[in-house]
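Heads up, work_31.txt below (compact mmCIF, C-alpha atoms):
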```txt
# COMPACT_ATOMS: atom_id res chain seq x y z
CA MET A 1 112.93 81.54 108.71
CA THR A 2 115.54 82.16 106.06
CA ALA A 3 115.65 84.17 102.87
CA THR A 4 112.65 82.25 101.55
CA THR A 5 110.30 84.31 103.67
CA ILE A 6 108.30 86.55 101.41
CA ALA A 7 106.07 89.09 103.00
CA ALA A 8 102.45 88.96 101.97
CA PRO A 9 101.69 91.74 99.47
CA ARG A 10 99.68 93.70 101.99
CA THR A 11 101.95 93.34 104.98
CA PRO A 12 102.17 96.81 106.42
CA ARG A 13 105.57 98.39 106.04
CA ARG A 14 106.80 99.01 109.53
CA SER A 15 110.53 98.93 108.90
CA ARG A 16 111.27 102.54 109.69
CA GLY A 17 110.51 103.49 113.24
CA ARG A 18 107.18 105.21 113.18
CA THR A 19 107.14 108.41 115.11
CA ASN A 20 104.69 111.23 115.41
CA THR A 21 107.34 113.91 115.89
CA GLU A 22 106.25 116.05 112.97
CA LEU A 23 102.61 115.66 113.96
CA TYR A 24 103.32 116.90 117.50
CA ALA A 25 105.51 119.71 116.18
CA TRP A 26 102.69 120.82 113.89
CA LEU A 27 100.10 120.58 116.65
CA PHE A 28 102.37 122.48 119.04
CA MET A 29 102.64 125.35 116.56
CA ARG A 30 98.84 125.71 116.42
CA ILE A 31 98.29 125.52 120.19
CA SER A 32 101.24 127.69 121.20
CA GLY A 33 100.26 130.19 118.53
CA VAL A 34 96.83 130.67 120.05
CA LEU A 35 98.22 130.82 123.59
CA LEU A 36 100.88 133.32 122.56
CA MET A 37 98.25 135.63 121.10
CA VAL A 38 96.61 135.82 124.55
CA LEU A 39 99.88 136.00 126.47
CA VAL A 40 101.60 138.60 124.30
CA PHE A 41 98.62 140.90 123.91
CA GLY A 42 97.83 140.51 127.62
CA HIS A 43 101.42 141.43 128.39
CA LEU A 44 101.31 144.47 126.12
CA PHE A 45 97.99 145.60 127.56
CA VAL A 46 99.11 145.33 131.18
CA ASN A 47 102.47 146.99 130.57
CA LEU A 48 101.46 149.75 128.18
CA MET A 49 97.77 150.54 128.58
CA ILE A 50 96.68 150.06 132.19
CA GLY A 51 97.23 152.87 134.69
CA ASP A 52 99.96 155.32 133.67
CA GLY A 53 100.72 153.23 130.61
CA ILE A 54 104.25 153.37 129.30
CA ASN A 55 105.25 156.04 131.83
CA ALA A 56 104.81 153.59 134.68
CA LEU A 57 107.44 151.28 133.24
CA ASP A 58 110.58 151.28 135.36
CA PHE A 59 112.63 148.96 137.50
CA ALA A 60 110.09 149.10 140.29
CA PHE A 61 107.25 148.14 137.95
CA VAL A 62 109.05 145.07 136.64
CA ALA A 63 110.32 144.13 140.09
CA GLY A 64 106.79 144.43 141.42
CA LYS A 65 105.44 142.17 138.68
CA TRP A 66 108.04 139.50 139.24
CA ALA A 67 107.36 139.43 142.95
CA ASP A 68 103.96 137.99 142.04
CA PRO A 69 103.86 134.25 141.17
CA PHE A 70 101.06 134.94 138.67
CA TRP A 71 103.29 137.17 136.51
CA GLN A 72 106.24 134.84 137.02
CA ILE A 73 104.24 131.99 135.50
CA TRP A 74 102.84 134.31 132.79
CA ASP A 75 106.28 135.47 131.71
CA LEU A 76 107.73 132.00 132.00
CA LEU A 77 105.03 130.59 129.72
CA MET A 78 105.55 133.42 127.28
CA LEU A 79 109.30 132.84 127.24
CA TRP A 80 109.10 129.09 126.74
CA LEU A 81 106.28 129.06 124.22
CA ALA A 82 107.69 131.91 122.15
CA MET A 83 111.18 130.42 122.12
CA ILE A 84 110.06 126.91 121.19
CA HIS A 85 107.51 128.23 118.67
CA GLY A 86 110.15 130.39 117.00
CA THR A 87 112.78 127.68 117.10
CA ASN A 88 110.47 125.17 115.50
CA GLY A 89 109.57 127.70 112.83
CA LEU A 90 113.23 128.29 112.05
CA ARG A 91 113.86 124.55 112.10
CA THR A 92 111.28 124.03 109.36
CA ILE A 93 112.79 126.89 107.34
CA ILE A 94 116.24 125.30 107.67
CA ASN A 95 114.77 121.95 106.61
CA ASP A 96 113.09 123.60 103.64
CA TYR A 97 115.93 125.71 102.36
CA ALA A 98 119.28 124.35 103.54
CA GLU A 99 120.05 121.60 101.09
CA ARG A 100 123.46 120.37 102.16
CA ASP A 101 123.34 117.99 105.11
CA GLN A 102 126.39 119.55 106.77
CA LEU A 103 125.00 123.07 106.53
CA ARG A 104 121.65 121.85 107.79
CA MET A 105 123.22 120.25 110.82
CA TRP A 106 125.36 123.24 111.77
CA LEU A 107 122.53 125.71 111.35
CA LYS A 108 120.40 123.57 113.62
CA VAL A 109 123.17 123.15 116.18
CA GLY A 110 123.50 126.95 116.26
CA LEU A 111 119.76 127.40 116.51
CA TYR A 112 119.28 124.92 119.34
CA THR A 113 122.26 126.31 121.26
CA ALA A 114 120.92 129.86 121.04
CA THR A 115 117.48 128.66 122.10
CA ALA A 116 118.79 126.67 125.05
CA ILE A 117 120.90 129.59 126.30
CA THR A 118 118.01 132.04 126.02
CA ILE A 119 115.53 129.75 127.74
CA VAL A 120 117.87 128.84 130.60
CA LEU A 121 118.98 132.42 131.12
CA GLY A 122 115.43 133.77 130.97
CA THR A 123 114.08 131.17 133.36
CA LEU A 124 116.94 131.86 135.75
CA VAL A 125 116.21 135.60 135.73
CA ILE A 126 112.48 135.13 136.31
CA PHE A 127 113.00 132.92 139.37
CA THR A 128 116.14 134.38 140.93
CA PHE A 129 115.28 138.02 140.37
CA ASP A 130 116.04 140.20 143.39
CA PRO A 131 113.53 143.07 143.54
CA CYS A 132 115.43 144.88 146.31
CA PRO A 133 119.15 145.00 145.46
CA ALA A 134 121.03 146.30 148.50
CA GLU A 135 123.02 149.14 146.97
CA ALA A 136 120.25 150.64 144.79
CA ALA A 137 118.77 154.10 145.28
CA ALA A 138 115.57 153.89 147.30
CA ASP A 139 113.42 155.85 144.84
CA LEU A 140 114.00 153.25 142.14
CA LEU A 141 112.83 150.31 144.23
CA PRO A 142 109.32 148.91 144.51
CA SER A 143 107.32 150.06 147.51
CA PHE A 144 107.45 146.74 149.36
CA CYS A 145 111.22 146.83 149.78
CA PRO A 146 112.39 147.38 153.38
CA ALA A 147 113.88 150.82 153.96
CA PRO A 148 117.68 150.64 153.90
CA MET B 1 74.96 128.31 63.73
CA THR B 2 73.56 124.82 63.76
CA LEU B 3 70.04 125.65 62.63
CA THR B 4 70.57 125.75 58.89
CA THR B 5 66.91 125.61 57.89
CA GLU B 6 66.18 129.03 59.27
CA ALA B 7 66.65 132.13 57.22
CA PRO B 8 70.09 133.58 57.73
CA ALA B 9 70.05 136.33 60.33
CA GLN B 10 71.37 139.75 59.47
CA GLU B 11 74.84 138.71 58.34
CA THR B 12 77.43 141.36 58.92
CA PRO B 13 80.62 140.97 56.93
CA ASP B 14 82.41 140.16 60.19
CA ALA B 15 79.93 137.60 61.51
CA GLY B 16 81.74 134.43 62.41
CA GLY B 17 85.03 136.15 61.76
CA ILE B 18 87.49 135.40 64.50
CA PRO B 19 89.62 138.34 65.57
CA SER B 20 93.29 137.79 65.01
CA PHE B 21 96.20 139.41 66.76
CA GLN B 22 99.96 139.39 67.05
CA VAL B 23 101.39 137.52 70.00
CA THR B 24 104.97 136.99 71.12
CA LEU B 25 105.82 133.77 72.85
CA ARG B 26 108.98 133.74 74.95
CA LEU B 27 109.98 130.10 75.19
CA ARG B 28 112.47 128.59 77.60
CA ARG B 29 114.54 126.34 75.38
CA PHE B 30 117.10 123.76 76.39
CA ASN B 31 118.77 121.24 74.16
CA PRO B 32 120.85 118.80 76.23
CA GLU B 33 123.02 117.99 73.21
CA SER B 34 124.18 121.52 72.47
CA ASP B 35 123.23 123.80 75.36
CA THR B 36 124.91 124.02 78.71
CA GLU B 37 122.19 126.31 80.01
CA ALA B 38 118.59 127.05 79.18
CA ARG B 39 117.97 130.11 77.00
CA TRP B 40 115.01 132.28 76.04
CA GLU B 41 113.72 132.35 72.50
CA ASP B 42 111.06 134.71 71.12
CA HIS B 43 108.55 133.90 68.40
CA THR B 44 106.01 136.39 67.11
CA LEU B 45 102.95 134.83 65.54
CA THR B 46 99.57 135.82 64.20
CA MET B 47 97.01 133.93 66.24
CA HIS B 48 93.24 133.97 66.60
CA GLY B 49 90.87 134.59 69.47
CA THR B 50 90.00 130.92 69.70
CA ASP B 51 93.60 129.77 69.93
CA ARG B 52 95.19 128.38 73.05
CA VAL B 53 98.83 128.48 74.08
CA LEU B 54 99.08 124.92 72.81
CA ASP B 55 97.98 126.06 69.33
CA ALA B 56 100.75 128.64 69.35
CA LEU B 57 103.26 125.97 70.34
CA HIS B 58 101.97 123.75 67.54
CA LYS B 59 102.30 126.59 65.06
CA ILE B 60 105.92 127.15 66.10
CA LYS B 61 106.73 123.46 65.98
CA TRP B 62 104.94 122.74 62.71
CA GLU B 63 105.79 125.88 60.77
CA TYR B 64 108.95 127.41 62.20
CA ASP B 65 111.09 125.17 64.34
CA GLY B 66 110.47 121.43 64.38
CA SER B 67 112.97 120.90 67.16
CA LEU B 68 110.72 122.50 69.79
CA THR B 69 109.88 119.73 72.23
CA PHE B 70 106.87 119.53 74.54
CA ARG B 71 104.40 116.94 75.71
CA ARG B 72 100.77 116.84 74.77
CA SER B 73 98.34 114.06 74.09
CA CYS B 74 94.64 114.77 74.11
CA ALA B 75 94.98 118.55 73.86
CA HIS B 76 91.68 118.98 75.70
CA GLY B 77 92.60 119.17 79.36
CA ILE B 78 92.03 115.52 80.20
CA CYS B 79 95.34 113.70 79.80
CA GLY B 80 97.41 116.12 81.86
CA SER B 81 100.47 116.00 79.62
CA ASP B 82 101.01 119.65 78.85
CA ALA B 83 101.33 121.34 82.22
CA MET B 84 103.79 124.20 81.88
CA ARG B 85 104.65 127.49 83.47
CA ILE B 86 102.85 130.15 81.45
CA ASN B 87 103.52 133.73 82.50
CA GLY B 88 104.89 132.38 85.77
CA ARG B 89 101.85 130.26 86.62
CA ASN B 90 101.42 126.54 86.22
CA ARG B 91 98.66 125.84 83.73
CA LEU B 92 97.71 123.42 81.01
CA ALA B 93 98.74 124.86 77.64
CA CYS B 94 95.60 123.32 76.12
CA LYS B 95 93.26 125.09 78.54
CA THR B 96 94.82 128.55 78.43
CA LEU B 97 93.36 130.83 75.78
CA LEU B 98 95.81 133.36 74.36
CA LYS B 99 93.19 136.11 74.49
CA ASP B 100 92.96 135.74 78.27
CA LEU B 101 96.64 136.59 78.69
CA PRO B 102 98.11 140.10 78.51
CA LEU B 103 99.12 140.31 74.84
CA ASP B 104 101.04 143.58 74.99
CA LYS B 105 103.94 141.74 76.62
CA PRO B 106 105.60 138.51 75.51
CA ILE B 107 104.01 135.40 77.01
CA SER B 108 106.64 133.37 78.82
CA VAL B 109 106.42 129.60 78.55
CA GLU B 110 108.74 127.53 80.74
CA PRO B 111 108.90 123.92 81.86
CA ILE B 112 107.34 123.22 85.27
CA LYS B 113 109.75 123.81 88.14
CA GLY B 114 111.22 121.36 90.60
CA LEU B 115 111.73 118.50 88.15
CA ALA B 116 114.81 118.02 85.96
CA VAL B 117 114.43 119.43 82.44
CA LEU B 118 115.14 116.84 79.76
CA LYS B 119 114.59 119.04 76.72
CA ASP B 120 112.79 122.34 76.15
CA LEU B 121 109.47 121.97 77.98
CA VAL B 122 109.81 118.27 78.77
CA VAL B 123 110.75 117.38 82.33
CA ASP B 124 111.59 114.09 84.00
CA MET B 125 108.30 113.10 85.63
CA GLU B 126 109.73 109.99 87.31
CA PRO B 127 110.21 111.49 90.84
CA PHE B 128 106.64 112.75 90.64
CA TYR B 129 105.26 109.32 89.73
CA GLU B 130 107.52 107.74 92.36
CA ALA B 131 105.84 109.86 95.06
CA TYR B 132 102.42 108.88 93.71
CA LYS B 133 103.31 105.18 93.74
CA SER B 134 104.57 105.34 97.30
CA ILE B 135 101.11 106.19 98.66
CA MET B 136 99.61 103.01 97.12
CA PRO B 137 97.15 104.49 94.61
CA PHE B 138 95.02 101.36 94.32
CA LEU B 139 92.12 99.79 96.17
CA VAL B 140 93.25 97.78 99.20
CA THR B 141 90.77 95.27 100.59
CA SER B 142 90.85 92.10 102.65
CA GLY B 143 88.94 88.83 102.56
CA ASN B 144 87.52 87.03 99.57
CA ASP B 145 86.53 88.82 96.43
CA PRO B 146 82.88 89.77 96.67
CA SER B 147 80.46 88.16 94.23
CA ARG B 148 78.94 91.54 93.37
CA GLU B 149 80.20 95.08 93.09
CA ARG B 150 81.31 96.93 96.19
CA ARG B 151 78.36 99.13 97.05
CA GLN B 152 78.73 102.72 98.15
CA SER B 153 76.16 105.37 98.98
CA PRO B 154 76.16 108.71 97.12
CA GLU B 155 77.20 110.41 100.37
CA GLU B 156 80.16 108.07 100.77
CA ARG B 157 81.14 108.78 97.18
CA GLU B 158 80.78 112.51 97.71
CA ARG B 159 83.33 112.40 100.53
CA PHE B 160 86.28 111.98 98.14
CA ASP B 161 84.70 113.19 94.90
CA ASP B 162 86.93 116.25 94.59
CA THR B 163 90.18 114.30 94.60
CA THR B 164 89.02 111.79 91.98
CA LYS B 165 89.32 114.56 89.40
CA CYS B 166 93.12 114.53 89.47
CA ILE B 167 94.78 114.00 86.08
CA LEU B 168 98.39 113.77 87.35
CA CYS B 169 99.56 116.77 85.37
CA ALA B 170 101.96 117.80 88.19
CA ALA B 171 100.85 121.44 88.06
CA CYS B 172 100.22 121.44 91.82
CA THR B 173 103.33 119.59 92.92
CA THR B 174 105.61 121.76 90.81
CA SER B 175 104.01 124.97 92.09
CA CYS B 176 104.80 124.04 95.69
CA PRO B 177 107.73 126.00 97.19
CA VAL B 178 108.53 123.17 99.58
CA TYR B 179 108.78 120.79 96.63
CA TRP B 180 111.06 123.20 94.75
CA SER B 181 113.52 123.44 97.59
CA ASP B 182 113.45 119.83 98.70
CA GLY B 183 112.55 117.02 96.33
CA GLN B 184 112.03 114.63 99.25
CA TYR B 185 108.57 116.02 99.98
CA PHE B 186 105.74 113.86 98.63
CA GLY B 187 104.14 116.89 97.06
CA PRO B 188 100.48 117.91 96.86
CA GLN B 189 99.54 115.48 94.10
CA ALA B 190 100.60 112.38 96.05
CA ILE B 191 98.55 113.60 99.01
CA VAL B 192 95.56 114.19 96.73
CA GLY B 193 96.03 110.65 95.40
CA ALA B 194 96.13 109.29 98.92
CA HIS B 195 93.11 111.35 99.95
CA ARG B 196 91.11 109.74 97.16
CA PHE B 197 91.60 106.32 98.79
CA ILE B 198 91.84 107.27 102.45
CA PHE B 199 88.30 108.66 102.41
CA ASP B 200 86.91 105.90 100.17
CA SER B 201 84.53 103.76 102.26
CA ARG B 202 85.47 100.64 100.26
CA ASP B 203 89.17 100.91 100.93
CA GLU B 204 90.93 99.27 103.86
CA GLY B 205 94.44 100.60 103.40
CA SER B 206 93.82 104.02 104.96
CA GLU B 207 95.78 103.29 108.12
CA GLU B 208 98.89 102.46 106.14
CA ARG B 209 98.55 105.38 103.77
CA LEU B 210 98.14 107.74 106.69
CA GLU B 211 101.26 106.25 108.25
CA ILE B 212 103.20 106.92 105.04
CA LEU B 213 101.99 110.52 104.96
CA ASN B 214 102.82 110.96 108.65
CA ASP B 215 106.45 110.64 107.63
CA ARG B 216 109.02 113.40 108.04
CA GLU B 217 108.54 114.22 104.35
CA GLY B 218 104.78 113.82 104.47
CA VAL B 219 101.83 116.14 105.02
CA TRP B 220 103.49 118.04 107.86
CA ARG B 221 105.84 119.75 105.44
CA CYS B 222 102.86 121.50 103.88
CA ARG B 223 103.04 125.23 104.62
CA THR B 224 99.46 125.95 103.50
CA THR B 225 100.53 128.45 100.83
CA PHE B 226 97.62 127.46 98.55
CA ASN B 227 99.88 127.49 95.46
CA CYS B 228 98.61 124.01 94.63
CA THR B 229 94.95 124.99 94.82
CA ASP B 230 95.66 127.98 92.55
CA ALA B 231 97.55 125.83 90.07
CA CYS B 232 95.14 122.92 89.73
CA PRO B 233 93.60 122.99 86.23
CA ARG B 234 90.82 120.73 87.45
CA GLY B 235 89.80 123.03 90.28
CA ILE B 236 90.58 120.51 93.00
CA GLU B 237 90.83 122.11 96.42
CA VAL B 238 94.25 120.59 96.99
CA THR B 239 95.13 122.45 100.16
CA LYS B 240 91.80 121.47 101.67
CA ALA B 241 92.49 117.82 100.86
CA ILE B 242 95.89 118.07 102.53
CA GLN B 243 94.32 119.66 105.59
CA GLU B 244 91.77 116.84 105.74
CA VAL B 245 94.57 114.29 105.73
CA LYS B 246 96.28 116.20 108.55
CA GLN B 247 93.03 116.21 110.47
CA ALA B 248 92.53 112.48 109.92
CA LEU B 249 96.05 111.89 111.22
CA LEU B 250 95.42 114.11 114.18
CA PHE B 251 92.23 112.43 115.26
CA ARG B 252 92.79 109.05 113.60
CA ARG B 253 89.18 109.33 112.55
CA VAL B 254 88.64 108.58 108.90
```
Show how you would write the structure in this file as structure tokens.
Amino acid sequence: MTATTIAAPRTPRRSRGRTNTELYAWLFMRISGVLLMVLVFGHLFVNLMIGDGINALDFAFVAGKWADPFWQIWDLLMLWLAMIHGTNGLRTIINDYAERDQLRMWLKVGLYTATAITIVLGTLVIFTFDPCPAEAAADLLPSFCPAP
Amino acid sequence: MTLTTEAPAQETPDAGGIPSFQVTLRLRRFNPESDTEARWEDHTLTMHGTDRVLDALHKIKWEYDGSLTFRRSCAHGICGSDAMRINGRNRLACKTLLKDLPLDKPISVEPIKGLAVLKDLVVDMEPFYEAYKSIMPFLVTSGNDPSRERRQSPEERERFDDTTKCILCAACTTSCPVYWSDGQYFGPQAIVGAHRFIFDSRDEGSEERLEILNDREGVWRCRTTFNCTDACPRGIEVTKAIQEVKQALLFRRV
């Protein structure tokens, strides 16, 4: 097989690696968008409408929520989906409007760094949150904390 | 008034008279030999109710300034040569009646955006055609040539009927904000061209066309702004066609 090989006219072009990245990114935006509607409005409803509404919001309320695995997963999903959804949206805007390759790259590096930091930090807080810090005033703590 | 044998109806002095009015055309002119930048130029003309923007351009070119350059061939909305930006919207100059535009203000006429201007209203269409070529706008089949025509049911024909109407005027592609900012995008027209073959029951190249449109610069760059559907002088539902290609890619069901 030397240079004499001529591809048949209808040989499919497969030179560039075929990926479905953009397809999955597009699909992710639709699915995460729908999920986020439920998660965000659920979050707002539980925090602001149920019971005493906004007046019930304090350290104890949040600490109480994060002691429950259900709300841990809820908030974790919200954090990850919202961050990736927003990042992908900004990525497409950068792709659309930043014309110089260098600028494009640096904007994306900045974007991904900010996203990674926020996701890691947020995840860390959700899972390592201490609802009963030792030196806090007792009236600020959730009811299940042991009396000091 | 085609029935000439009948007695003339009550003829008023104005019957058949076409109302005329003053109209100012604000043209975006650019002469590559003398201008460094495009400039605006106003022409005030007396035109009639039956005149189109193209007639006004003709009047300017034929009676006032022969150097005005624009494309037009059939002048009846079929050839797709005279797409331009009229009052900020992409339209065919030969299908836009002057009386339908607000006449109290000057009517702006610019070349379509996103393609390099060669002179006045003429742009370099090559990148646009290049995108069209890349989606293989021809019938792809395998096996021996059939001894009779390739049959198709009316329903199968109906499936891609809308996208067969395309006249390649580039009104849609050059109304697309993604195309303006990044010339790498295939643009709505190329996707319409692909749609016409992807959903054709006689064609066997769908898989490959879909693969081309699955590219980084393919259908996924569409932001569903509907500018293309608004711009199409043939009334093709361009955004819908793009969505159908996305769907076909998603489910690989054609």
Skip Ser81 of chain B itself and residues of its chain fewer than 2 positions away, then list as an MDAnalysis selection string all residues within 7 Å of it, counting all atoms listed in the file.
-> chainID B and resid 71:73 79 83 169
Which polymer residues have any atom within 10 Å of an atom of segment 39-49 of chain B, counting all atoms listed in the file, with same-chain residues fewer than 5 positions away left out, as a PyMOL selection string?
-> chain B and resi 17-31+55-57+59-60+64-65+97-100+106-110+120
Pick from A:Ile73, A:Ile117, A:Leu35, A:Val62 nearest to Asn47 of chain A, counting all atoms listed in the file | A:Val62
For the atom pair atom CA of Val245 of chain B and atom CA of His195 of chain B, what is the interatomic distance in Å to one decimal place?
->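 Value for the atom CA of Val245 of chain B-atom CA of His195 of chain B distance: 6.6 Å.
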Counting all atoms listed in the file, find the residues whose atoms lie at most 10 Å from (93.6, 98.9, 94.8) (file coordinates) and write them out as a list in words.
->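 Final list of nearby residues, as requested, is Met136, Pro137, Phe138, Leu139, Val140, Thr141, Phe197, Arg202, Asp203, Glu204 and Gly205 of chain B.
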Written record: segment 38-106 of chain A, C-alpha atoms, as a compact mmCIF listing (two decimals), in the first residue's frame:
```
# COMPACT_ATOMS: atom_id res chain seq x y z
CA VAL A 38 -37.12 20.72 40.71
CA LEU A 39 -34.10 20.98 43.00
CA VAL A 40 -33.92 24.77 43.17
CA PHE A 41 -37.63 25.38 43.59
CA GLY A 42 -37.82 22.52 46.11
CA HIS A 43 -34.95 24.12 48.00
CA LEU A 44 -36.60 27.53 47.97
CA PHE A 45 -39.93 26.09 49.06
CA VAL A 46 -38.49 24.13 51.98
CA ASN A 47 -36.28 26.98 53.17
CA LEU A 48 -38.62 29.93 52.70
CA MET A 49 -42.23 28.74 52.70
CA ILE A 50 -42.65 25.76 55.03
CA GLY A 51 -43.18 26.36 58.74
CA ASP A 52 -41.91 29.75 59.95
CA GLY A 53 -40.59 30.51 56.48
CA ILE A 54 -37.63 32.82 56.27
CA ASN A 55 -37.68 33.48 60.02
CA ALA A 56 -36.74 29.90 60.74
CA LEU A 57 -33.50 30.26 58.81
CA ASP A 58 -30.50 30.21 61.13
CA PHE A 59 -27.45 28.14 61.88
CA ALA A 60 -29.52 25.51 63.62
CA PHE A 61 -31.84 25.15 60.63
CA VAL A 62 -29.01 24.59 58.19
CA ALA A 63 -27.14 22.34 60.61
CA GLY A 64 -30.30 20.31 61.09
CA LYS A 65 -30.75 19.91 57.35
CA TRP A 66 -27.20 18.79 56.76
CA ALA A 67 -27.44 16.20 59.49
CA ASP A 68 -29.92 14.41 57.23
CA PRO A 69 -28.44 12.36 54.34
CA PHE A 70 -31.47 13.25 52.20
CA TRP A 71 -30.66 16.98 52.27
CA GLN A 72 -26.96 16.26 51.93
CA ILE A 73 -27.62 14.45 48.66
CA TRP A 74 -30.13 17.13 47.59
CA ASP A 75 -27.68 19.96 48.14
CA LEU A 76 -24.82 18.00 46.65
CA LEU A 77 -26.82 17.36 43.46
CA MET A 78 -27.83 20.99 43.31
CA LEU A 79 -24.23 22.12 43.73
CA TRP A 80 -22.79 19.80 41.10
CA LEU A 81 -25.53 20.19 38.53
CA ALA A 82 -25.72 23.96 38.86
CA MET A 83 -21.95 24.36 38.68
CA ILE A 84 -21.49 22.10 35.67
CA HIS A 85 -24.57 23.52 33.94
CA GLY A 86 -23.33 27.07 34.44
CA THR A 87 -19.77 26.21 33.49
CA ASN A 88 -20.87 24.57 30.28
CA GLY A 89 -23.03 27.56 29.47
CA LEU A 90 -20.10 29.91 29.98
CA ARG A 91 -17.88 27.59 27.96
CA THR A 92 -20.21 27.88 24.97
CA ILE A 93 -20.30 31.67 25.37
CA ILE A 94 -16.50 31.76 25.42
CA ASN A 95 -16.42 29.54 22.33
CA ASP A 96 -18.92 31.82 20.61
CA TYR A 97 -17.43 35.17 21.43
CA ALA A 98 -13.73 34.87 22.26
CA GLU A 99 -12.06 34.81 18.89
CA ARG A 100 -8.37 34.68 19.72
CA ASP A 101 -7.16 31.20 20.63
CA GLN A 102 -4.98 32.46 23.48
CA LEU A 103 -7.79 34.44 25.05
CA ARG A 104 -10.13 31.51 24.63
CA MET A 105 -7.75 29.18 26.40
CA TRP A 106 -7.07 31.50 29.34
```
